[in-house]
file model24.cif (mmCIF, C-alpha atoms)
data_query
#
loop_
_atom_site.group_PDB
_atom_site.id
_atom_site.type_symbol
_atom_site.label_atom_id
_atom_site.label_comp_id
_atom_site.auth_asym_id
_atom_site.auth_seq_id
_atom_site.Cartn_x
_atom_site.Cartn_y
_atom_site.Cartn_z
ATOM 1 C CA MET A 5 -102.808 70.659 220.470
ATOM 2 C CA LYS A 6 -105.172 73.376 221.615
ATOM 3 C CA GLN A 7 -104.243 75.864 224.316
ATOM 4 C CA GLN A 8 -104.760 74.259 227.716
ATOM 5 C CA PHE A 9 -106.923 75.944 230.326
ATOM 6 C CA PRO A 10 -105.237 77.269 233.510
ATOM 7 C CA ARG A 11 -105.331 74.973 236.515
ATOM 8 C CA THR A 12 -105.471 75.084 240.274
ATOM 9 C CA THR A 13 -104.923 72.491 242.999
ATOM 10 C CA VAL A 14 -107.438 71.080 245.488
ATOM 11 C CA ALA A 15 -106.145 68.696 248.180
ATOM 12 C CA GLY A 16 -103.161 67.891 245.982
ATOM 13 C CA VAL A 17 -105.327 67.150 242.930
ATOM 14 C CA SER A 18 -104.776 69.279 239.827
ATOM 15 C CA LEU A 19 -108.056 70.666 238.473
ATOM 16 C CA PRO A 20 -108.862 73.051 235.625
ATOM 17 C CA ARG A 21 -110.219 76.447 236.639
ATOM 18 C CA MET A 22 -113.199 75.714 234.374
ATOM 19 C CA LEU A 23 -115.201 72.648 235.412
ATOM 20 C CA ILE A 24 -117.737 70.749 233.306
ATOM 21 C CA GLY A 25 -121.273 71.349 234.534
ATOM 22 C CA THR A 26 -124.165 68.959 233.982
ATOM 23 C CA ASN A 27 -127.473 70.826 234.241
ATOM 24 C CA TRP A 28 -127.498 71.043 230.437
ATOM 25 C CA LEU A 29 -126.806 67.314 230.231
ATOM 26 C CA LEU A 30 -129.299 66.042 232.797
ATOM 27 C CA GLY A 31 -132.310 68.255 232.175
ATOM 28 C CA TRP A 32 -132.054 70.830 234.957
ATOM 29 C CA GLY A 33 -132.205 74.034 232.947
ATOM 30 C CA HIS A 34 -133.903 76.186 235.615
ATOM 31 C CA ARG A 35 -136.231 77.516 232.912
ATOM 32 C CA THR A 36 -139.346 75.575 231.904
ATOM 33 C CA PRO A 37 -140.476 71.936 231.747
ATOM 34 C CA SER A 38 -140.296 72.080 227.967
ATOM 35 C CA ALA A 39 -136.690 73.304 228.123
ATOM 36 C CA ASP A 40 -135.814 70.454 230.477
ATOM 37 C CA ALA A 41 -137.510 68.007 228.125
ATOM 38 C CA MET A 42 -135.428 69.398 225.248
ATOM 39 C CA ILE A 43 -132.222 68.867 227.237
ATOM 40 C CA ASN A 44 -133.182 65.339 228.212
ATOM 41 C CA ALA A 45 -134.180 64.412 224.659
ATOM 42 C CA LYS A 46 -130.838 65.529 223.252
ATOM 43 C CA ASN A 47 -128.249 65.018 225.972
ATOM 44 C CA ARG A 48 -129.312 62.495 228.626
ATOM 45 C CA ASN A 49 -127.409 59.644 227.002
ATOM 46 C CA LYS A 50 -123.796 58.592 227.245
ATOM 47 C CA GLU A 51 -122.961 59.388 223.604
ATOM 48 C CA ALA A 52 -124.085 63.023 223.790
ATOM 49 C CA ILE A 53 -122.451 63.482 227.192
ATOM 50 C CA ALA A 54 -119.205 62.017 225.853
ATOM 51 C CA ASP A 55 -119.328 64.360 222.842
ATOM 52 C CA ILE A 56 -119.467 67.384 225.145
ATOM 53 C CA ILE A 57 -116.832 66.046 227.549
ATOM 54 C CA CYS A 58 -114.498 65.343 224.622
ATOM 55 C CA ALA A 59 -114.826 68.952 223.475
ATOM 56 C CA PHE A 60 -113.810 70.152 226.948
ATOM 57 C CA LEU A 61 -110.929 67.660 227.070
ATOM 58 C CA GLU A 62 -109.360 69.310 224.015
ATOM 59 C CA TYR A 63 -108.508 72.214 226.350
ATOM 60 C CA GLY A 64 -107.426 70.125 229.326
ATOM 61 C CA ILE A 65 -110.754 70.710 231.065
ATOM 62 C CA ASP A 66 -110.956 67.268 232.586
ATOM 63 C CA ALA A 67 -113.161 67.504 235.686
ATOM 64 C CA ILE A 68 -116.935 67.192 235.821
ATOM 65 C CA MET A 69 -119.357 68.129 238.609
ATOM 66 C CA ALA A 70 -122.623 66.211 238.992
ATOM 67 C CA PRO A 71 -124.740 64.116 241.330
ATOM 68 C CA ALA A 72 -123.069 61.396 239.315
ATOM 69 C CA SER A 73 -123.612 58.410 241.595
ATOM 70 C CA GLY A 74 -127.351 59.037 241.388
ATOM 71 C CA ASN A 75 -127.228 59.480 237.611
ATOM 72 C CA PRO A 76 -125.178 56.604 236.148
ATOM 73 C CA VAL A 77 -125.370 58.082 232.652
ATOM 74 C CA VAL A 78 -122.766 60.649 233.741
ATOM 75 C CA ALA A 79 -120.214 58.007 234.678
ATOM 76 C CA ASP A 80 -121.048 56.139 231.464
ATOM 77 C CA GLY A 81 -120.425 59.310 229.448
ATOM 78 C CA CYS A 82 -117.143 59.920 231.264
ATOM 79 C CA LYS A 83 -115.981 56.382 230.561
ATOM 80 C CA LEU A 84 -116.866 56.691 226.877
ATOM 81 C CA ALA A 85 -115.006 60.010 226.651
ATOM 82 C CA GLU A 86 -111.983 58.443 228.362
ATOM 83 C CA ASP A 87 -112.039 55.519 225.935
ATOM 84 C CA ARG A 88 -112.208 57.887 222.968
ATOM 85 C CA THR A 89 -109.405 60.205 224.105
ATOM 86 C CA GLY A 90 -107.224 58.205 226.474
ATOM 87 C CA LYS A 91 -107.603 61.026 229.006
ATOM 88 C CA LYS A 92 -108.811 60.671 232.593
ATOM 89 C CA VAL A 93 -111.914 62.565 233.730
ATOM 90 C CA THR A 94 -112.052 63.575 237.395
ATOM 91 C CA ILE A 95 -115.546 63.202 238.855
ATOM 92 C CA ILE A 96 -116.715 65.665 241.512
ATOM 93 C CA ASP A 97 -119.759 63.861 242.887
ATOM 94 C CA THR A 98 -122.524 65.702 244.755
ATOM 95 C CA PRO A 99 -124.647 62.871 246.149
ATOM 96 C CA ILE A 100 -127.896 63.394 248.017
ATOM 97 C CA ILE A 101 -127.571 61.620 251.358
ATOM 98 C CA ASN A 102 -130.014 60.912 254.172
ATOM 99 C CA VAL A 103 -128.905 63.002 257.171
ATOM 100 C CA ASP A 104 -131.644 61.889 259.564
ATOM 101 C CA ASP A 105 -130.276 61.023 263.000
ATOM 102 C CA SER A 106 -131.069 57.322 262.979
ATOM 103 C CA THR A 107 -129.267 54.050 262.413
ATOM 104 C CA ALA A 108 -131.207 53.346 259.236
ATOM 105 C CA ALA A 109 -130.468 56.807 257.816
ATOM 106 C CA ARG A 110 -126.764 56.480 258.551
ATOM 107 C CA LYS A 111 -126.714 53.192 256.670
ATOM 108 C CA GLU A 112 -128.390 54.921 253.716
ATOM 109 C CA ALA A 113 -125.829 57.727 253.853
ATOM 110 C CA GLU A 114 -122.958 55.275 253.923
ATOM 111 C CA ALA A 115 -124.421 53.417 250.957
ATOM 112 C CA ALA A 116 -124.671 56.681 249.000
ATOM 113 C CA ILE A 117 -121.050 57.512 249.719
ATOM 114 C CA LYS A 118 -119.948 53.994 248.752
ATOM 115 C CA ALA A 119 -121.853 54.460 245.483
ATOM 116 C CA SER A 120 -119.812 57.592 244.883
ATOM 117 C CA LYS A 121 -116.646 55.569 245.306
ATOM 118 C CA ALA A 122 -118.004 52.810 243.071
ATOM 119 C CA ILE A 123 -118.410 55.120 240.057
ATOM 120 C CA GLY A 124 -114.810 56.270 240.385
ATOM 121 C CA ALA A 125 -115.383 59.713 241.883
ATOM 122 C CA THR A 126 -112.388 61.572 243.312
ATOM 123 C CA PHE A 127 -114.314 64.198 245.268
ATOM 124 C CA CYS A 128 -117.498 63.743 247.280
ATOM 125 C CA LEU A 129 -119.410 66.914 248.184
ATOM 126 C CA PRO A 130 -122.787 66.058 249.724
ATOM 127 C CA HIS A 131 -125.551 68.023 248.035
ATOM 128 C CA HIS A 132 -126.555 71.317 249.618
ATOM 129 C CA SER A 133 -130.150 70.149 250.024
ATOM 130 C CA CYS A 134 -129.136 67.580 252.610
ATOM 131 C CA VAL A 135 -126.174 69.217 254.346
ATOM 132 C CA GLU A 136 -128.071 72.446 254.965
ATOM 133 C CA GLN A 137 -130.516 70.465 257.110
ATOM 134 C CA LEU A 138 -127.722 70.128 259.672
ATOM 135 C CA VAL A 139 -126.847 73.829 259.982
ATOM 136 C CA ASN A 140 -127.400 75.340 263.437
ATOM 137 C CA LYS A 141 -127.118 79.119 263.274
ATOM 138 C CA ASN A 142 -127.448 79.448 267.041
ATOM 139 C CA LEU A 143 -124.325 77.325 267.534
ATOM 140 C CA ALA A 144 -122.586 78.639 264.390
ATOM 141 C CA ALA A 145 -121.883 74.999 263.626
ATOM 142 C CA ILE A 146 -122.965 72.030 261.535
ATOM 143 C CA PRO A 147 -123.691 69.250 264.040
ATOM 144 C CA ARG A 148 -122.985 65.674 262.903
ATOM 145 C CA LEU A 149 -121.284 66.870 259.722
ATOM 146 C CA THR A 150 -118.058 65.236 260.885
ATOM 147 C CA ASP A 151 -119.770 61.835 260.780
ATOM 148 C CA TYR A 152 -120.333 62.151 257.036
ATOM 149 C CA LEU A 153 -116.931 63.693 256.341
ATOM 150 C CA SER A 154 -115.326 60.725 258.108
ATOM 151 C CA LEU A 155 -117.346 58.318 255.968
ATOM 152 C CA ILE A 156 -116.126 60.114 252.872
ATOM 153 C CA ARG A 157 -112.499 59.877 253.991
ATOM 154 C CA ASP A 158 -112.908 56.242 255.029
ATOM 155 C CA ASN A 159 -114.031 55.441 251.489
ATOM 156 C CA GLY A 160 -110.938 57.038 249.966
ATOM 157 C CA LEU A 161 -112.729 60.140 248.667
ATOM 158 C CA ILE A 162 -111.853 63.811 249.139
ATOM 159 C CA PRO A 163 -114.522 65.621 251.169
ATOM 160 C CA GLY A 164 -116.080 68.974 250.352
ATOM 161 C CA LEU A 165 -119.362 70.797 250.843
ATOM 162 C CA SER A 166 -121.960 71.949 248.348
ATOM 163 C CA ALA A 167 -123.156 75.261 249.761
ATOM 164 C CA HIS A 168 -126.032 77.381 248.555
ATOM 165 C CA MET A 169 -126.251 78.675 252.122
ATOM 166 C CA PRO A 170 -123.052 80.699 252.714
ATOM 167 C CA GLU A 171 -123.051 79.730 256.392
ATOM 168 C CA LEU A 172 -121.765 76.297 255.375
ATOM 169 C CA ILE A 173 -118.487 77.879 254.324
ATOM 170 C CA LEU A 174 -118.287 80.180 257.333
ATOM 171 C CA TYR A 175 -119.077 77.509 259.907
ATOM 172 C CA SER A 176 -116.905 74.880 258.265
ATOM 173 C CA ASP A 177 -113.897 77.182 258.267
ATOM 174 C CA ALA A 178 -114.573 78.422 261.804
ATOM 175 C CA ASN A 179 -114.850 74.884 263.173
ATOM 176 C CA ASN A 180 -111.980 73.462 261.092
ATOM 177 C CA TYR A 181 -114.088 70.681 259.625
ATOM 178 C CA ASP A 182 -112.278 68.239 257.346
ATOM 179 C CA VAL A 183 -113.366 69.937 254.124
ATOM 180 C CA GLU A 184 -111.049 70.518 251.150
ATOM 181 C CA THR A 185 -113.268 72.593 248.851
ATOM 182 C CA TYR A 186 -116.670 74.253 248.576
ATOM 183 C CA ILE A 187 -119.350 74.709 245.941
ATOM 184 C CA GLN A 188 -121.010 78.137 246.013
ATOM 185 C CA ILE A 189 -123.469 79.910 243.701
ATOM 186 C CA TYR A 190 -121.897 83.070 242.266
ATOM 187 C CA ASN A 191 -123.073 85.228 239.377
ATOM 188 C CA CYS A 192 -123.465 88.861 238.383
ATOM 189 C CA LEU A 193 -127.261 88.810 238.818
ATOM 190 C CA GLY A 194 -127.312 87.325 242.299
ATOM 191 C CA TYR A 195 -129.510 84.584 240.828
ATOM 192 C CA MET A 196 -130.351 81.946 243.479
ATOM 193 C CA MET A 197 -127.809 83.513 245.850
ATOM 194 C CA GLN A 198 -129.203 83.798 249.371
ATOM 195 C CA VAL A 199 -127.609 87.172 250.171
ATOM 196 C CA GLU A 200 -126.094 90.101 248.279
ATOM 197 C CA ILE A 201 -123.431 89.533 245.630
ATOM 198 C CA GLU A 202 -120.928 91.637 247.552
ATOM 199 C CA TYR A 203 -121.339 89.456 250.633
ATOM 200 C CA ILE A 204 -120.900 86.176 248.733
ATOM 201 C CA HIS A 205 -117.832 87.695 247.073
ATOM 202 C CA SER A 206 -116.414 88.324 250.541
ATOM 203 C CA VAL A 207 -117.288 84.793 251.692
ATOM 204 C CA ILE A 208 -115.450 83.304 248.710
ATOM 205 C CA TRP A 209 -112.408 85.542 249.064
ATOM 206 C CA ASN A 210 -112.098 84.680 252.749
ATOM 207 C CA ALA A 211 -112.699 80.939 252.360
ATOM 208 C CA LYS A 212 -109.811 78.838 253.635
ATOM 209 C CA LYS A 213 -110.117 76.395 250.731
ATOM 210 C CA PRO A 214 -110.642 76.764 246.958
ATOM 211 C CA VAL A 215 -114.232 77.387 245.880
ATOM 212 C CA MET A 216 -115.990 75.779 242.928
ATOM 213 C CA THR A 217 -118.552 78.340 241.784
ATOM 214 C CA ILE A 218 -121.734 77.412 239.933
ATOM 215 C CA LYS A 219 -124.373 79.199 237.863
ATOM 216 C CA ALA A 220 -121.981 81.826 236.510
ATOM 217 C CA MET A 221 -124.469 82.583 233.735
ATOM 218 C CA ALA A 222 -127.458 82.602 236.105
ATOM 219 C CA ALA A 223 -128.900 79.530 234.370
ATOM 220 C CA GLY A 224 -128.913 81.244 230.971
ATOM 221 C CA ARG A 225 -130.181 84.620 232.167
ATOM 222 C CA VAL A 226 -126.952 86.322 231.089
ATOM 223 C CA THR A 227 -124.744 85.500 228.117
ATOM 224 C CA PRO A 228 -121.529 83.523 228.569
ATOM 225 C CA PHE A 229 -119.517 86.675 227.785
ATOM 226 C CA VAL A 230 -121.158 88.585 230.600
ATOM 227 C CA GLY A 231 -121.259 85.744 233.109
ATOM 228 C CA LEU A 232 -117.774 84.343 232.585
ATOM 229 C CA SER A 233 -116.095 87.732 232.244
ATOM 230 C CA TYR A 234 -117.594 88.847 235.554
ATOM 231 C CA ALA A 235 -116.783 85.647 237.407
ATOM 232 C CA PHE A 236 -113.178 85.302 236.273
ATOM 233 C CA ALA A 237 -112.556 89.000 236.942
ATOM 234 C CA THR A 238 -113.780 88.808 240.535
ATOM 235 C CA LEU A 239 -112.680 85.373 241.794
ATOM 236 C CA ARG A 240 -109.346 84.291 243.246
ATOM 237 C CA GLU A 241 -106.773 82.421 241.173
ATOM 238 C CA GLN A 242 -107.452 79.195 243.103
ATOM 239 C CA ASP A 243 -111.213 79.288 242.491
ATOM 240 C CA MET A 244 -113.094 77.527 239.702
ATOM 241 C CA ILE A 245 -116.145 78.177 237.521
ATOM 242 C CA THR A 246 -118.509 75.386 236.534
ATOM 243 C CA VAL A 247 -119.815 75.723 232.976
ATOM 244 C CA GLY A 248 -122.634 73.707 231.456
ATOM 245 C CA CYS A 249 -123.007 73.467 227.694
ATOM 246 C CA PHE A 250 -125.741 72.139 225.430
ATOM 247 C CA THR A 251 -123.530 71.280 222.434
ATOM 248 C CA PRO A 252 -119.820 70.757 221.687
ATOM 249 C CA GLU A 253 -119.921 73.962 219.633
ATOM 250 C CA GLU A 254 -121.012 75.857 222.725
ATOM 251 C CA VAL A 255 -118.073 74.354 224.618
ATOM 252 C CA HIS A 256 -115.606 75.906 222.176
ATOM 253 C CA GLU A 257 -117.289 79.311 222.468
ATOM 254 C CA ASP A 258 -117.414 79.308 226.252
ATOM 255 C CA VAL A 259 -113.820 78.157 226.606
ATOM 256 C CA GLU A 260 -112.668 80.952 224.281
ATOM 257 C CA ILE A 261 -114.628 83.457 226.376
ATOM 258 C CA GLY A 262 -112.954 82.048 229.485
ATOM 259 C CA PHE A 263 -109.492 82.390 227.954
ATOM 260 C CA ALA A 264 -110.275 85.951 226.877
ATOM 261 C CA ALA A 265 -111.487 86.911 230.340
ATOM 262 C CA LEU A 266 -108.329 85.572 231.984
ATOM 263 C CA GLU A 267 -106.060 87.126 229.347
ATOM 264 C CA ARG A 268 -107.834 90.512 229.437
ATOM 265 C CA ARG A 269 -108.665 90.542 225.734
ATOM 266 C CA ALA A 270 -111.704 90.382 223.482
ATOM 267 C CA PRO A 271 -112.946 86.861 222.675
ATOM 268 C CA ASP A 272 -112.344 85.684 219.118
ATOM 269 C CA LEU A 273 -115.878 84.690 218.163
ATOM 270 C CA ALA A 274 -118.119 85.093 215.139
ATOM 271 C CA GLY A 275 -120.942 87.604 215.416
ATOM 272 C CA ARG A 276 -124.485 86.565 216.182
ATOM 273 C CA ALA A 277 -126.968 85.871 213.440
ATOM 274 C CA SER A 278 -129.527 88.570 212.688
ATOM 275 C CA PRO A 279 -131.951 89.061 209.783
ATOM 276 C CA ASN A 280 -130.950 92.683 209.222
ATOM 277 C CA LYS A 281 -127.888 93.889 211.094
ATOM 278 C CA THR A 282 -127.138 97.555 211.541
ATOM 279 C CA GLY A 283 -123.656 98.864 210.758
ATOM 280 C CA VAL A 284 -122.371 98.487 214.298
ATOM 281 C CA LEU A 285 -123.366 94.786 214.264
ATOM 282 C CA ALA A 286 -121.960 94.025 210.810
ATOM 283 C CA ASP A 287 -119.183 91.717 212.042
#

call {"tool": "encode", "arguments": {"input": "model24.cif", "output": "structure tokens"}}
result
Amino acid sequence: MKQQFPRTTVAGVSLPRMLIGTNWLLGWGHRTPSADAMINAKNRNKEAIADIICAFLEYGIDAIMAPASGNPVVADGCKLAEDRTGKKVTIIDTPIINVDDSTAARKEAEAAIKASKAIGATFCLPHHSCVEQLVNKNLAAIPRLTDYLSLIRDNGLIPGLSAHMPELILYSDANNYDVETYIQIYNCLGYMMQVEIEYIHSVIWNAKKPVMTIKAMAAGRVTPFVGLSYAFATLREQDMITVGCFTPEEVHEDVEIGFAALERRAPDLAGRASPNKTGVLAD
């Protein structure tokens, strides 16, 4: 049995401190259309997704973050991985819901949350693109958020918030909304972060609940060694890092880098290929 990755607890649920990301499974590479097409061609099918999940499961990394209810191939891949390994995969769903203030929109939102339950999700964190529409900076509040959090609870799911905008964390904590965890962008480049790295670091460290960070490698703009070493060195022990991988081989590399960062040692990895290495790059 391989070494198992350290864990934390969110709302009584045990989760690994490394979560399985899905941008490199669903074609959201944040690079170019051709790169997204490459991802989709290789990985947007349940067999490829299961292959990558199974690699993570070897290390006890058994939780996946995705807008899964809107992308059934994720749930299909999870089920196939569970069938292969006999291990349960915890789904952290980030559905896009209609937050318009109308009866019809509320019915749509409820249907989206019920779909999250139907695929077997444990957590439901409405996507930042919809929740941020509710933020009122003048009131330092998120009006009507409680309606959606109640729907999530009523459907037996654990509520959280996907937050690109750091105010979601601040206002949620200040108003004691029924939120058990947050998603927040955090990386050493400040890529896609709305304010300075130092400020987001403070927001995370002062959050009342565990934070699931995303884009640790700035969507491929830094190497896993740089991105994961920085993130694990500067986050709290209860916080998590979401890691997307393109192949099972990449899973094994990234997990080793994660272990090394937490254990304060050099990662045990082969050197990179090069047509004519200098002496310092010989290994």

call {"tool": "resolve_selection", "arguments": {"input": "model24.cif", "expression": "the PyMOL selection byres ((chain A and resi 171) around 12)", "output": "number ranges by chain"}}
result
A: 132, 135-146, 165-170, 172-179, 186, 188, 198-199, 203-204, 207-208, 211

call {"tool": "resolve_selection", "arguments": {"input": "model24.cif", "expression": "the PyMOL selection byres ((chain A and resi 150) around 12)", "output": "list in words"}}
result
Val103, Val135, Leu138, Ala145, Ile146, Pro147, Arg148, Leu149, Asp151, Tyr152, Leu153, Ser154, Leu155, Ile156, Arg157, Asp158, Pro163, Gly164, Leu165, Ser176, Asn179, Asn180, Tyr181, Asp182 and Val183 of chain A

call {"tool": "residues_around", "arguments": {"input": "model24.cif", "residues": "A:Val77", "least_positions_apart": "5", "cutoff": "9 Å", "atoms": "all atoms listed in the file", "output": "mmCIF file with C-alpha atoms, in the frame of the given file"}}
result
data_model
loop_
_atom_site.group_PDB
_atom_site.id
_atom_site.type_symbol
_atom_site.label_atom_id
_atom_site.label_comp_id
_atom_site.auth_asym_id
_atom_site.auth_seq_id
_atom_site.Cartn_x
_atom_site.Cartn_y
_atom_site.Cartn_z
ATOM 1 C CA LEU A 30 -129.299 66.042 232.797
ATOM 2 C CA ARG A 48 -129.312 62.495 228.626
ATOM 3 C CA ASN A 49 -127.409 59.644 227.002
ATOM 4 C CA LYS A 50 -123.796 58.592 227.245
ATOM 5 C CA ILE A 53 -122.451 63.482 227.192
ATOM 6 C CA ALA A 72 -123.069 61.396 239.315
ATOM 7 C CA CYS A 82 -117.143 59.920 231.264
#

call {"tool": "residues_around", "arguments": {"input": "model24.cif", "residues": "stretch 261-274 of chain A", "least_positions_apart": "6", "cutoff": "12 Å", "atoms": "all atoms listed in the file", "output": "ChimeraX atom specification"}}
result
/A:6-11,20-23,63,65,220,227-241,244-247,253-255,285-287

call {"tool": "resolve_selection", "arguments": {"input": "model24.cif", "expression": "the PyMOL selection byres ((chain A and resi 67) around 10)", "output": "PDB file with C-alpha atoms, in the frame of the given file"}}
result
ATOM      1  CA  SER A  18    -104.776  69.279 239.827  1.00  0.00           C
ATOM      2  CA  LEU A  19    -108.056  70.666 238.473  1.00  0.00           C
ATOM      3  CA  PRO A  20    -108.862  73.051 235.625  1.00  0.00           C
ATOM      4  CA  ARG A  21    -110.219  76.447 236.639  1.00  0.00           C
ATOM      5  CA  MET A  22    -113.199  75.714 234.374  1.00  0.00           C
ATOM      6  CA  LEU A  23    -115.201  72.648 235.412  1.00  0.00           C
ATOM      7  CA  ILE A  24    -117.737  70.749 233.306  1.00  0.00           C
ATOM      8  CA  GLY A  25    -121.273  71.349 234.534  1.00  0.00           C
ATOM      9  CA  ILE A  57    -116.832  66.046 227.549  1.00  0.00           C
ATOM     10  CA  PHE A  60    -113.810  70.152 226.948  1.00  0.00           C
ATOM     11  CA  LEU A  61    -110.929  67.660 227.070  1.00  0.00           C
ATOM     12  CA  GLY A  64    -107.426  70.125 229.326  1.00  0.00           C
ATOM     13  CA  ILE A  65    -110.754  70.710 231.065  1.00  0.00           C
ATOM     14  CA  ASP A  66    -110.956  67.268 232.586  1.00  0.00           C
ATOM     15  CA  ILE A  68    -116.935  67.192 235.821  1.00  0.00           C
ATOM     16  CA  MET A  69    -119.357  68.129 238.609  1.00  0.00           C
ATOM     17  CA  CYS A  82    -117.143  59.920 231.264  1.00  0.00           C
ATOM     18  CA  LYS A  92    -108.811  60.671 232.593  1.00  0.00           C
ATOM     19  CA  VAL A  93    -111.914  62.565 233.730  1.00  0.00           C
ATOM     20  CA  THR A  94    -112.052  63.575 237.395  1.00  0.00           C
ATOM     21  CA  ILE A  95    -115.546  63.202 238.855  1.00  0.00           C
ATOM     22  CA  ILE A  96    -116.715  65.665 241.512  1.00  0.00           C
ATOM     23  CA  THR A 126    -112.388  61.572 243.312  1.00  0.00           C
ATOM     24  CA  THR A 246    -118.509  75.386 236.534  1.00  0.00           C
TER      25      THR A 246
END
